[in-house]
$ cat work-v2.cif   # mmCIF, C-alpha atoms
data_coords
#
loop_
_atom_site.group_PDB
_atom_site.id
_atom_site.type_symbol
_atom_site.label_atom_id
_atom_site.label_comp_id
_atom_site.auth_asym_id
_atom_site.auth_seq_id
_atom_site.Cartn_x
_atom_site.Cartn_y
_atom_site.Cartn_z
ATOM 1 C CA GLY A 1 -11.825 2.472 -20.812
ATOM 2 C CA LEU A 2 -9.094 2.453 -18.209
ATOM 3 C CA ASN A 3 -6.003 0.388 -18.820
ATOM 4 C CA MET A 4 -7.004 -2.407 -16.441
ATOM 5 C CA LYS A 5 -4.114 -4.561 -15.374
ATOM 6 C CA LYS A 6 -4.755 -7.779 -13.521
ATOM 7 C CA VAL A 7 -2.882 -7.748 -10.232
ATOM 8 C CA THR A 8 -0.718 -10.883 -10.010
ATOM 9 C CA LYS A 9 2.050 -9.919 -7.579
ATOM 10 C CA ALA A 10 2.263 -9.762 -3.809
ATOM 11 C CA VAL A 11 4.978 -8.372 -1.550
ATOM 12 C CA ILE A 12 5.344 -9.626 2.029
ATOM 13 C CA PRO A 13 7.840 -7.781 4.257
ATOM 14 C CA ALA A 14 9.314 -10.203 6.803
ATOM 15 C CA ALA A 15 12.596 -8.613 7.834
ATOM 16 C CA GLY A 16 11.712 -7.375 11.329
ATOM 17 C CA PHE A 17 13.396 -8.749 14.439
ATOM 18 C CA GLY A 18 10.205 -9.741 16.240
ATOM 19 C CA THR A 19 11.475 -8.591 19.636
ATOM 20 C CA ARG A 20 8.034 -9.036 21.215
ATOM 21 C CA PHE A 21 8.431 -12.803 20.776
ATOM 22 C CA LEU A 22 11.887 -13.250 22.276
ATOM 23 C CA PRO A 23 13.366 -15.717 23.085
ATOM 24 C CA PHE A 24 11.636 -17.613 20.217
ATOM 25 C CA THR A 25 12.761 -15.022 17.683
ATOM 26 C CA LYS A 26 16.415 -15.254 18.662
ATOM 27 C CA ALA A 27 16.798 -18.208 16.296
ATOM 28 C CA MET A 28 13.492 -18.285 14.391
ATOM 29 C CA PRO A 29 11.582 -15.613 12.457
ATOM 30 C CA LYS A 30 8.304 -14.593 14.067
ATOM 31 C CA GLU A 31 6.691 -15.209 10.666
ATOM 32 C CA MET A 32 7.328 -18.924 11.265
ATOM 33 C CA LEU A 33 5.362 -18.957 14.538
ATOM 34 C CA PRO A 34 2.919 -21.817 14.010
ATOM 35 C CA ILE A 35 -0.801 -21.286 14.394
ATOM 36 C CA VAL A 36 -1.609 -24.920 15.213
ATOM 37 C CA ASP A 37 0.630 -26.651 12.614
ATOM 38 C CA THR A 38 1.100 -24.011 9.932
ATOM 39 C CA PRO A 39 3.494 -21.037 9.979
ATOM 40 C CA THR A 40 1.778 -17.664 10.171
ATOM 41 C CA ILE A 41 3.337 -16.572 6.876
ATOM 42 C CA GLU A 42 1.816 -19.563 5.065
ATOM 43 C CA TYR A 43 -1.704 -18.463 6.036
ATOM 44 C CA ILE A 44 -0.878 -15.054 4.570
ATOM 45 C CA VAL A 45 0.547 -16.512 1.356
ATOM 46 C CA ARG A 46 -2.490 -18.798 1.023
ATOM 47 C CA GLU A 47 -4.874 -15.861 1.454
ATOM 48 C CA ALA A 48 -3.273 -14.153 -1.536
ATOM 49 C CA MET A 49 -2.994 -17.380 -3.528
ATOM 50 C CA GLU A 50 -6.703 -18.081 -3.017
ATOM 51 C CA SER A 51 -7.334 -14.553 -4.304
ATOM 52 C CA GLY A 52 -5.558 -15.267 -7.599
ATOM 53 C CA ILE A 53 -2.037 -13.988 -6.832
ATOM 54 C CA THR A 54 0.657 -16.128 -8.466
ATOM 55 C CA GLU A 55 3.967 -14.342 -7.814
ATOM 56 C CA PHE A 56 5.330 -13.511 -4.386
ATOM 57 C CA LEU A 57 8.292 -11.579 -3.090
ATOM 58 C CA ILE A 58 9.137 -12.094 0.563
ATOM 59 C CA ILE A 59 11.532 -9.552 2.039
ATOM 60 C CA ILE A 60 13.800 -11.119 4.644
ATOM 61 C CA ASN A 61 17.063 -10.470 6.448
ATOM 62 C CA GLU A 62 20.023 -12.808 6.952
ATOM 63 C CA GLY A 63 18.987 -15.352 9.513
ATOM 64 C CA LYS A 64 15.514 -15.868 8.081
ATOM 65 C CA GLU A 65 16.559 -18.427 5.488
ATOM 66 C CA CYS A 66 14.178 -20.999 6.971
ATOM 67 C CA ILE A 67 11.328 -19.010 5.361
ATOM 68 C CA LYS A 68 13.045 -19.763 2.040
ATOM 69 C CA THR A 69 13.296 -23.418 3.002
ATOM 70 C CA HIS A 70 9.614 -23.498 3.892
ATOM 71 C CA PHE A 71 8.426 -22.272 0.492
ATOM 72 C CA GLY A 72 10.910 -24.323 -1.530
ATOM 73 C CA ARG A 73 10.972 -28.030 -2.307
ATOM 74 C CA ASN A 74 12.287 -30.529 0.230
ATOM 75 C CA GLU A 75 13.266 -33.539 -1.850
ATOM 76 C CA VAL A 76 14.600 -35.585 1.069
ATOM 77 C CA LEU A 77 11.319 -35.181 2.942
ATOM 78 C CA GLU A 78 9.243 -35.827 -0.200
ATOM 79 C CA LYS A 79 11.138 -39.070 -0.838
ATOM 80 C CA PHE A 80 10.662 -40.156 2.774
ATOM 81 C CA LEU A 81 6.911 -39.462 2.698
ATOM 82 C CA LYS A 82 6.568 -41.354 -0.610
ATOM 83 C CA SER A 83 8.380 -44.380 0.828
ATOM 84 C CA LYS A 84 5.993 -44.391 3.791
ATOM 85 C CA ASN A 85 2.903 -43.871 1.580
ATOM 86 C CA LYS A 86 2.036 -40.685 3.455
ATOM 87 C CA ASP A 87 0.108 -39.209 0.525
ATOM 88 C CA ASN A 88 -1.768 -36.627 2.564
ATOM 89 C CA GLU A 89 1.377 -35.169 4.107
ATOM 90 C CA LEU A 90 3.060 -35.188 0.697
ATOM 91 C CA LYS A 91 0.198 -33.175 -0.774
ATOM 92 C CA ILE A 92 0.486 -30.639 2.059
ATOM 93 C CA ILE A 93 4.164 -29.891 1.397
ATOM 94 C CA GLU A 94 4.059 -30.063 -2.412
ATOM 95 C CA GLU A 95 1.047 -27.831 -2.963
ATOM 96 C CA LEU A 96 2.576 -24.362 -2.650
ATOM 97 C CA PRO A 97 5.766 -24.943 -4.683
ATOM 98 C CA ASN A 98 3.543 -26.373 -7.460
ATOM 99 C CA LYS A 99 1.069 -23.490 -7.542
ATOM 100 C CA ILE A 100 3.011 -20.284 -6.961
ATOM 101 C CA LYS A 101 6.378 -18.668 -7.565
ATOM 102 C CA VAL A 102 8.020 -17.304 -4.412
ATOM 103 C CA SER A 103 11.199 -15.246 -4.562
ATOM 104 C CA PHE A 104 13.197 -13.477 -1.876
ATOM 105 C CA THR A 105 15.138 -10.286 -1.417
ATOM 106 C CA TYR A 106 17.131 -8.968 1.536
ATOM 107 C CA GLN A 107 16.517 -5.806 3.510
ATOM 108 C CA HIS A 108 19.959 -5.271 4.994
ATOM 109 C CA GLU A 109 19.009 -2.453 7.355
ATOM 110 C CA GLN A 110 15.935 -2.018 9.504
ATOM 111 C CA LEU A 111 14.824 1.259 7.951
ATOM 112 C CA GLY A 112 11.082 0.791 8.234
ATOM 113 C CA LEU A 113 8.165 -0.468 6.186
ATOM 114 C CA GLY A 114 8.574 2.127 3.443
ATOM 115 C CA HIS A 115 12.162 1.001 2.914
ATOM 116 C CA ALA A 116 11.094 -2.659 2.878
ATOM 117 C CA VAL A 117 8.565 -1.919 0.123
ATOM 118 C CA LEU A 118 11.241 -0.019 -1.806
ATOM 119 C CA CYS A 119 13.271 -3.252 -1.874
ATOM 120 C CA ALA A 120 10.480 -4.707 -4.055
ATOM 121 C CA LYS A 121 10.710 -2.115 -6.836
ATOM 122 C CA GLU A 122 12.406 -4.383 -9.360
ATOM 123 C CA PHE A 123 10.046 -7.294 -8.629
ATOM 124 C CA VAL A 124 6.951 -5.093 -8.958
ATOM 125 C CA ASN A 125 8.182 -3.893 -12.356
ATOM 126 C CA ASN A 126 5.817 -0.950 -12.696
ATOM 127 C CA GLU A 127 2.602 -2.878 -11.985
ATOM 128 C CA PRO A 128 0.018 -2.513 -9.223
ATOM 129 C CA PHE A 129 0.698 -5.004 -6.416
ATOM 130 C CA VAL A 130 -0.669 -6.337 -3.151
ATOM 131 C CA LEU A 131 1.225 -5.640 0.067
ATOM 132 C CA LEU A 132 0.533 -8.050 2.935
ATOM 133 C CA LEU A 133 2.073 -7.520 6.360
ATOM 134 C CA GLY A 134 3.224 -10.583 8.235
ATOM 135 C CA ASP A 135 1.682 -9.717 11.595
ATOM 136 C CA ASP A 136 -1.878 -9.632 10.334
ATOM 137 C CA VAL A 137 -3.813 -12.815 9.660
ATOM 138 C CA TYR A 138 -7.290 -12.323 8.234
ATOM 139 C CA VAL A 139 -10.148 -14.762 8.058
ATOM 140 C CA GLY A 140 -12.538 -13.262 5.514
ATOM 141 C CA ASN A 141 -16.243 -13.784 6.085
ATOM 142 C CA ASN A 142 -17.142 -14.881 2.564
ATOM 143 C CA LYS A 143 -13.956 -14.321 0.648
ATOM 144 C CA PRO A 144 -10.293 -13.706 1.495
ATOM 145 C CA ALA A 145 -9.288 -10.166 2.496
ATOM 146 C CA THR A 146 -6.976 -9.863 -0.527
ATOM 147 C CA LEU A 147 -9.787 -10.831 -2.901
ATOM 148 C CA GLN A 148 -12.014 -8.139 -1.368
ATOM 149 C CA LEU A 149 -9.308 -5.563 -2.107
ATOM 150 C CA LEU A 150 -8.752 -6.865 -5.639
ATOM 151 C CA GLU A 151 -12.462 -6.638 -6.428
ATOM 152 C CA ALA A 152 -12.508 -3.060 -5.139
ATOM 153 C CA PHE A 153 -9.416 -2.294 -7.235
ATOM 154 C CA ASP A 154 -11.309 -3.448 -10.325
ATOM 155 C CA LYS A 155 -13.720 -0.578 -9.639
ATOM 156 C CA THR A 156 -11.265 2.143 -8.624
ATOM 157 C CA ASN A 157 -8.008 1.315 -10.434
ATOM 158 C CA SER A 158 -6.430 3.222 -7.520
ATOM 159 C CA SER A 159 -4.390 2.384 -4.447
ATOM 160 C CA ILE A 160 -6.533 0.914 -1.662
ATOM 161 C CA LEU A 161 -5.738 0.582 2.036
ATOM 162 C CA GLY A 162 -7.414 -2.306 3.801
ATOM 163 C CA THR A 163 -8.936 -1.051 7.052
ATOM 164 C CA LEU A 164 -10.703 -2.302 10.136
ATOM 165 C CA GLU A 165 -12.929 -0.369 12.486
ATOM 166 C CA VAL A 166 -11.266 -0.045 15.884
ATOM 167 C CA PRO A 167 -12.564 1.313 19.208
ATOM 168 C CA LEU A 168 -11.746 5.021 19.626
ATOM 169 C CA ASP A 169 -9.519 4.128 22.583
ATOM 170 C CA ASP A 170 -7.251 2.214 20.183
ATOM 171 C CA VAL A 171 -6.800 4.782 17.380
ATOM 172 C CA SER A 172 -3.411 5.889 18.740
ATOM 173 C CA LYS A 173 -1.969 2.465 17.848
ATOM 174 C CA TYR A 174 -2.663 2.725 14.106
ATOM 175 C CA GLY A 175 -2.535 4.786 10.960
ATOM 176 C CA ILE A 176 -6.054 6.258 10.749
ATOM 177 C CA CYS A 177 -7.861 7.200 7.529
ATOM 178 C CA GLU A 178 -9.614 10.497 6.943
ATOM 179 C CA PRO A 179 -12.422 9.924 4.421
ATOM 180 C CA ALA A 180 -13.077 12.635 1.828
ATOM 181 C CA ILE A 181 -16.810 12.462 2.608
ATOM 182 C CA LYS A 182 -18.881 11.030 5.444
ATOM 183 C CA THR A 183 -20.352 7.766 4.211
ATOM 184 C CA ASN A 184 -21.259 4.288 5.401
ATOM 185 C CA ASP A 185 -19.805 2.662 2.297
ATOM 186 C CA ARG A 186 -17.098 0.090 2.914
ATOM 187 C CA LEU A 187 -15.138 1.573 -0.003
ATOM 188 C CA VAL A 188 -14.382 5.264 0.491
ATOM 189 C CA LYS A 189 -12.114 7.827 -1.137
ATOM 190 C CA LEU A 190 -9.581 9.308 1.286
ATOM 191 C CA LYS A 191 -8.579 12.856 2.035
ATOM 192 C CA SER A 192 -5.701 12.020 4.354
ATOM 193 C CA VAL A 193 -4.042 9.456 6.612
ATOM 194 C CA ILE A 194 -2.875 10.298 10.114
ATOM 195 C CA GLU A 195 -0.293 8.146 11.855
ATOM 196 C CA LYS A 196 -1.194 7.228 15.464
ATOM 197 C CA PRO A 197 -3.460 10.206 16.300
ATOM 198 C CA LYS A 198 -4.656 11.031 19.792
ATOM 199 C CA LYS A 199 -8.246 9.953 20.406
ATOM 200 C CA GLU A 200 -9.533 13.544 20.253
ATOM 201 C CA ASN A 201 -7.761 14.235 16.931
ATOM 202 C CA ALA A 202 -8.801 11.044 15.126
ATOM 203 C CA PRO A 203 -10.729 11.800 11.899
ATOM 204 C CA SER A 204 -12.392 8.340 11.988
ATOM 205 C CA ASN A 205 -11.952 4.901 13.545
ATOM 206 C CA LEU A 206 -10.798 3.323 10.275
ATOM 207 C CA ALA A 207 -7.400 1.812 11.051
ATOM 208 C CA ILE A 208 -4.990 0.632 8.368
ATOM 209 C CA GLY A 209 -4.632 -3.091 9.000
ATOM 210 C CA GLY A 210 -1.801 -4.703 7.101
ATOM 211 C CA ARG A 211 -3.353 -5.132 3.624
ATOM 212 C CA TYR A 212 -2.817 -2.758 0.701
ATOM 213 C CA ILE A 213 -3.052 -2.576 -3.048
ATOM 214 C CA LEU A 214 -0.570 0.006 -4.264
ATOM 215 C CA THR A 215 -0.003 1.497 -7.688
ATOM 216 C CA PRO A 216 3.639 1.576 -8.836
ATOM 217 C CA GLN A 217 3.666 5.389 -8.478
ATOM 218 C CA ILE A 218 4.327 4.760 -4.773
ATOM 219 C CA PHE A 219 7.994 4.063 -5.606
ATOM 220 C CA LYS A 220 8.498 7.597 -6.884
ATOM 221 C CA TYR A 221 7.725 8.840 -3.366
ATOM 222 C CA LEU A 222 9.487 6.075 -1.443
ATOM 223 C CA GLU A 223 12.704 6.850 -3.327
ATOM 224 C CA THR A 224 12.632 10.477 -2.214
ATOM 225 C CA GLN A 225 11.058 9.903 1.207
ATOM 226 C CA THR A 226 12.904 11.546 4.086
ATOM 227 C CA LYS A 227 13.157 9.590 7.292
ATOM 228 C CA GLY A 228 10.200 10.171 9.584
ATOM 229 C CA ALA A 229 9.253 8.826 13.014
ATOM 230 C CA GLY A 230 11.923 6.622 14.593
ATOM 231 C CA GLY A 231 14.451 7.386 11.841
ATOM 232 C CA GLU A 232 12.496 5.084 9.533
ATOM 233 C CA ILE A 233 11.171 5.547 6.025
ATOM 234 C CA GLN A 234 7.439 5.489 6.677
ATOM 235 C CA LEU A 235 5.103 4.046 4.067
ATOM 236 C CA THR A 236 2.271 6.252 5.350
ATOM 237 C CA ASP A 237 4.272 9.406 4.539
ATOM 238 C CA SER A 238 4.657 8.260 0.928
ATOM 239 C CA ILE A 239 0.980 7.307 0.667
ATOM 240 C CA LEU A 240 0.111 10.849 1.794
ATOM 241 C CA ARG A 241 2.240 12.308 -0.983
ATOM 242 C CA LEU A 242 0.738 9.865 -3.488
ATOM 243 C CA MET A 243 -2.724 11.207 -2.540
ATOM 244 C CA ALA A 244 -1.772 14.605 -3.898
ATOM 245 C CA GLU A 245 -1.276 13.019 -7.323
ATOM 246 C CA GLU A 246 -3.965 10.316 -7.549
ATOM 247 C CA ASP A 247 -6.983 8.985 -5.696
ATOM 248 C CA VAL A 248 -6.408 6.644 -2.783
ATOM 249 C CA TYR A 249 -9.253 4.651 -1.216
ATOM 250 C CA SER A 250 -9.838 2.636 1.901
ATOM 251 C CA LEU A 251 -11.867 -0.558 2.086
ATOM 252 C CA THR A 252 -13.217 -1.925 5.350
ATOM 253 C CA ILE A 253 -12.379 -5.617 5.214
ATOM 254 C CA ASP A 254 -15.239 -7.980 5.995
ATOM 255 C CA GLY A 255 -13.758 -10.558 8.335
ATOM 256 C CA THR A 256 -11.728 -11.137 11.471
ATOM 257 C CA ARG A 257 -8.195 -9.874 11.892
ATOM 258 C CA TYR A 258 -5.710 -11.516 14.225
ATOM 259 C CA ASP A 259 -2.723 -9.447 15.331
ATOM 260 C CA ILE A 260 -0.116 -12.199 15.516
ATOM 261 C CA GLY A 261 2.461 -9.596 16.555
ATOM 262 C CA SER A 262 0.856 -9.528 19.990
ATOM 263 C CA LYS A 263 0.887 -12.522 22.319
ATOM 264 C CA LYS A 264 -2.803 -12.114 23.032
ATOM 265 C CA GLY A 265 -3.630 -12.144 19.307
ATOM 266 C CA PHE A 266 -1.405 -15.171 18.759
ATOM 267 C CA LEU A 267 -3.080 -17.123 21.577
ATOM 268 C CA LYS A 268 -6.556 -16.196 20.324
ATOM 269 C CA ALA A 269 -5.682 -17.268 16.778
ATOM 270 C CA THR A 270 -4.376 -20.602 18.058
ATOM 271 C CA ILE A 271 -7.679 -21.310 19.800
ATOM 272 C CA ASP A 272 -9.953 -20.051 17.002
ATOM 273 C CA PHE A 273 -8.060 -21.864 14.243
ATOM 274 C CA ALA A 274 -8.120 -25.115 16.223
ATOM 275 C CA LEU A 275 -11.873 -24.725 16.816
ATOM 276 C CA ASN A 276 -12.359 -24.226 13.069
ATOM 277 C CA ARG A 277 -10.714 -27.541 12.213
ATOM 278 C CA GLU A 278 -12.714 -30.735 12.079
ATOM 279 C CA ASP A 279 -9.781 -32.810 13.298
ATOM 280 C CA LEU A 280 -9.125 -30.618 16.354
ATOM 281 C CA CYS A 281 -12.416 -28.948 17.215
ATOM 282 C CA GLU A 282 -13.576 -31.476 19.817
ATOM 283 C CA ASP A 283 -10.146 -31.706 21.453
ATOM 284 C CA MET A 284 -9.913 -27.931 21.787
ATOM 285 C CA LYS A 285 -13.453 -27.666 23.185
ATOM 286 C CA ASN A 286 -12.615 -30.302 25.787
ATOM 287 C CA ILE A 287 -9.388 -28.549 26.740
ATOM 288 C CA LEU A 288 -11.210 -25.231 27.164
ATOM 289 C CA ALA A 289 -14.070 -26.866 29.084
ATOM 290 C CA SER A 290 -11.606 -28.373 31.527
ATOM 291 C CA TYR A 291 -10.661 -24.864 32.717
ATOM 292 C CA LYS A 292 -14.191 -23.834 33.611
ATOM 293 C CA ASN A 293 -13.882 -24.748 37.266
ATOM 294 C CA LYS A 294 -10.301 -23.667 37.855
#
$ encode --input "work-v2.cif" --output "structure tokens"
Amino acid sequence: GLNMKKVTKAVIPAAGFGTRFLPFTKAMPKEMLPIVDTPTIEYIVREAMESGITEFLIIINEGKECIKTHFGRNEVLEKFLKSKNKDNELKIIEELPNKIKVSFTYQHEQLGLGHAVLCAKEFVNNEPFVLLLGDDVYVGNNKPATLQLLEAFDKTNSSILGTLEVPLDDVSKYGICEPAIKTNDRLVKLKSVIEKPKKENAPSNLAIGGRYILTPQIFKYLETQTKGAGGEIQLTDSILRLMAEEDVYSLTIDGTRYDIGSKKGFLKATIDFALNREDLCEDMKNILASYKNK
């Protein structure tokens, strides 16, 4: 049979400036924006961890060291919590460092997503890997988004782009997939990918949504990729070239996606996540109810 490798590694690019969230992002990475009490990037790491991923590489720039701090140990805080018998809080901060290995690399220039992924070549070490973008938080319906992709990868052994169906009016905001055949299957082989098409030129409404499994062959193309739109090295351009060599699929993710890169998405996530928590649900309902008559 095929040489099936278990996917154990995830790459999370987090080197962008986050200009849409200024002034917050002047001193703090947007990936640390809290949804209730947890940084956005922790939800993303947990999604992959719950899907069986054990090794992480987070790509940062200088000035984002607090992401490093967040995923490391904090012995002073641990000691304090122990002395105060705050066992619950202790468990919360010790869990991730105990379960997963998180390392960091620097993207010194803002040369686009393709360039950020290229920074992970050594870490990936010629294995298939998961790529999770920091702006997209998924709540899977029955299982995490990453697990859905990994299960599909078990079938295809090929690169897979996680997609969501978007209204036709929104296709110009995304990379859009062109399926090889018309089908209602959630997992579909692709013919092409078109970056931000006009509504009338869109081959489908399947938008690439911040989750990928990529085979290591992608690096061959990223290394030779000429700069595309905005003087950046575009991941989509390299995926297109990869398609000429091997199959690439898309999988429609079953769940809800929050675009934390937009203020509207961030506000919606804050409300939904609070409503989904036993300790906060009633408070949030009461807050929302109090606006009814305003």
$ residues_around --input "work-v2.cif" --residues "Thr69 (chain A)" --least-positions-apart "6" --cutoff "12 Å" --atoms "all atoms listed in the file" --output "number ranges by chain"
A: 32, 63, 75, 77, 93, 97, 102-104
$ closest_residue --input "work-v2.cif" --among "A:Glu65, A:Ser204, A:Gly114, A:Thr8" --to "Lys182 (chain A)" --atoms "only C-alpha atoms"
A:Ser204
$ closest_atom_pairs --input "work-v2.cif" --of "region 212-282 of chain A" --to "region 17-31 of chain A" --cutoff "10 Å" --atoms "all atoms listed in the file" --output "tab-separated table"
residue	atom	partner	partner_atom	distance
A:Ile260	CA	A:Lys30	CA	8.9
A:Gly261	CA	A:Arg20	CA	7.3
A:Ser262	CA	A:Arg20	CA	7.3
A:Lys263	CA	A:Phe21	CA	7.7
$ atom_distance --input "work-v2.cif" --atom1 "CA of Leu147 (chain A)" --atom2 "CA of Met49 (chain A)"
9.5 Å
$ atom_distance --input "work-v2.cif" --atom1 "CA of Gly210 (chain A)" --atom2 "CA of Asp136 (chain A)"
5.9 Å
$ residues_around --input "work-v2.cif" --residues "Tyr249 (chain A)" --least-positions-apart "4" --cutoff "7 Å" --atoms "all atoms listed in the file" --output "JSON, numbers by chain"
{"A": [159, 160, 161, 187, 188, 189, 190]}
$ resolve_selection --input "work-v2.cif" --expression "the PyMOL selection byres ((chain A and resi 133) around 8)" --output "NGL selection string"
:A and (12-14 or 131-132 or 134-136 or 210-211)
$ resolve_selection --input "work-v2.cif" --expression "the PyMOL selection byres ((chain A and resi 273) around 12)" --output "PDB file with C-alpha atoms, in the coordinates of the input"
ATOM      1  CA  PRO A  34       2.919 -21.817  14.010  1.00  0.00           C
ATOM      2  CA  ILE A  35      -0.801 -21.286  14.394  1.00  0.00           C
ATOM      3  CA  VAL A  36      -1.609 -24.920  15.213  1.00  0.00           C
ATOM      4  CA  ASP A  37       0.630 -26.651  12.614  1.00  0.00           C
ATOM      5  CA  THR A  38       1.100 -24.011   9.932  1.00  0.00           C
ATOM      6  CA  THR A  40       1.778 -17.664  10.171  1.00  0.00           C
ATOM      7  CA  TYR A  43      -1.704 -18.463   6.036  1.00  0.00           C
ATOM      8  CA  VAL A 137      -3.813 -12.815   9.660  1.00  0.00           C
ATOM      9  CA  TYR A 138      -7.290 -12.323   8.234  1.00  0.00           C
ATOM     10  CA  VAL A 139     -10.148 -14.762   8.058  1.00  0.00           C
ATOM     11  CA  THR A 256     -11.728 -11.137  11.471  1.00  0.00           C
ATOM     12  CA  TYR A 258      -5.710 -11.516  14.225  1.00  0.00           C
ATOM     13  CA  GLY A 265      -3.630 -12.144  19.307  1.00  0.00           C
ATOM     14  CA  PHE A 266      -1.405 -15.171  18.759  1.00  0.00           C
ATOM     15  CA  LEU A 267      -3.080 -17.123  21.577  1.00  0.00           C
ATOM     16  CA  LYS A 268      -6.556 -16.196  20.324  1.00  0.00           C
ATOM     17  CA  ALA A 269      -5.682 -17.268  16.778  1.00  0.00           C
ATOM     18  CA  THR A 270      -4.376 -20.602  18.058  1.00  0.00           C
ATOM     19  CA  ILE A 271      -7.679 -21.310  19.800  1.00  0.00           C
ATOM     20  CA  ASP A 272      -9.953 -20.051  17.002  1.00  0.00           C
ATOM     21  CA  ALA A 274      -8.120 -25.115  16.223  1.00  0.00           C
ATOM     22  CA  LEU A 275     -11.873 -24.725  16.816  1.00  0.00           C
ATOM     23  CA  ASN A 276     -12.359 -24.226  13.069  1.00  0.00           C
ATOM     24  CA  ARG A 277     -10.714 -27.541  12.213  1.00  0.00           C
ATOM     25  CA  GLU A 278     -12.714 -30.735  12.079  1.00  0.00           C
ATOM     26  CA  ASP A 279      -9.781 -32.810  13.298  1.00  0.00           C
ATOM     27  CA  LEU A 280      -9.125 -30.618  16.354  1.00  0.00           C
ATOM     28  CA  CYS A 281     -12.416 -28.948  17.215  1.00  0.00           C
ATOM     29  CA  MET A 284      -9.913 -27.931  21.787  1.00  0.00           C
ATOM     30  CA  LYS A 285     -13.453 -27.666  23.185  1.00  0.00           C
TER      31      LYS A 285
END
$ atom_distance --input "work-v2.cif" --atom1 "CA of Asn201 (chain A)" --atom2 "CA of Asp170 (chain A)"
12.5 Å
$ residues_around --input "work-v2.cif" --residues "region 236-241 of chain A" --least-positions-apart "5" --cutoff "8 Å" --atoms "all atoms listed in the file" --output "count of residues only"
10
$ resolve_selection --input "work-v2.cif" --expression "the PyMOL selection byres ((chain A and resi 52) around 10)" --output "PyMOL selection string"
chain A and resi 6-9+46-51+53-55+100+146-147+150
$ closest_residue --input "work-v2.cif" --among "A:Lys5, A:Arg257, A:Lys292, A:Lys196" --to "Glu165 (chain A)" --atoms "all atoms listed in the file"
A:Arg257
$ closest_residue --input "work-v2.cif" --among "A:Lys199, A:Lys143, A:Lys191, A:Lys264" --to "Val166 (chain A)" --atoms "all atoms listed in the file"
A:Lys199
$ build_atoms --input "work-v2.cif" --residues "region 176-190 of chain A" --atoms "N, CA and C atoms" --output "tab-separated table (two decimals), in the frame of the given file"
chain	number	residue	atom	x	y	z
A	176	ILE	N	-4.59	6.08	10.84
A	176	ILE	CA	-6.05	6.26	10.75
A	176	ILE	C	-6.40	7.04	9.48
A	177	CYS	N	-7.45	6.58	8.79
A	177	CYS	CA	-7.86	7.20	7.53
A	177	CYS	C	-8.83	8.35	7.75
A	178	GLU	N	-8.65	9.40	6.96
A	178	GLU	CA	-9.61	10.50	6.94
A	178	GLU	C	-10.38	10.45	5.62
A	179	PRO	N	-11.64	10.00	5.65
A	179	PRO	CA	-12.42	9.92	4.42
A	179	PRO	C	-12.69	11.31	3.83
A	180	ALA	N	-12.79	11.36	2.50
A	180	ALA	CA	-13.08	12.64	1.83
A	180	ALA	C	-14.50	13.09	2.12
A	181	ILE	N	-15.43	12.13	2.25
A	181	ILE	CA	-16.81	12.46	2.61
A	181	ILE	C	-17.30	11.48	3.66
A	182	LYS	N	-18.26	11.92	4.45
A	182	LYS	CA	-18.88	11.03	5.44
A	182	LYS	C	-19.79	10.06	4.71
A	183	THR	N	-19.53	8.76	4.89
A	183	THR	CA	-20.35	7.77	4.21
A	183	THR	C	-20.29	6.46	4.98
A	184	ASN	N	-21.29	5.61	4.77
A	184	ASN	CA	-21.26	4.29	5.40
A	184	ASN	C	-20.75	3.21	4.45
A	185	ASP	N	-20.33	3.64	3.24
A	185	ASP	CA	-19.80	2.66	2.30
A	185	ASP	C	-18.53	2.02	2.83
A	186	ARG	N	-18.34	0.76	2.50
A	186	ARG	CA	-17.10	0.09	2.91
A	186	ARG	C	-15.92	0.60	2.11
A	187	LEU	N	-16.18	1.03	0.87
A	187	LEU	CA	-15.14	1.57	0.00
A	187	LEU	C	-15.30	3.09	-0.04
A	188	VAL	N	-14.26	3.80	0.39
A	188	VAL	CA	-14.38	5.26	0.49
A	188	VAL	C	-13.10	5.95	0.04
A	189	LYS	N	-13.27	7.04	-0.69
A	189	LYS	CA	-12.11	7.83	-1.14
A	189	LYS	C	-11.55	8.59	0.06
A	190	LEU	N	-10.22	8.70	0.12
A	190	LEU	CA	-9.58	9.31	1.29
A	190	LEU	C	-9.10	10.72	1.01
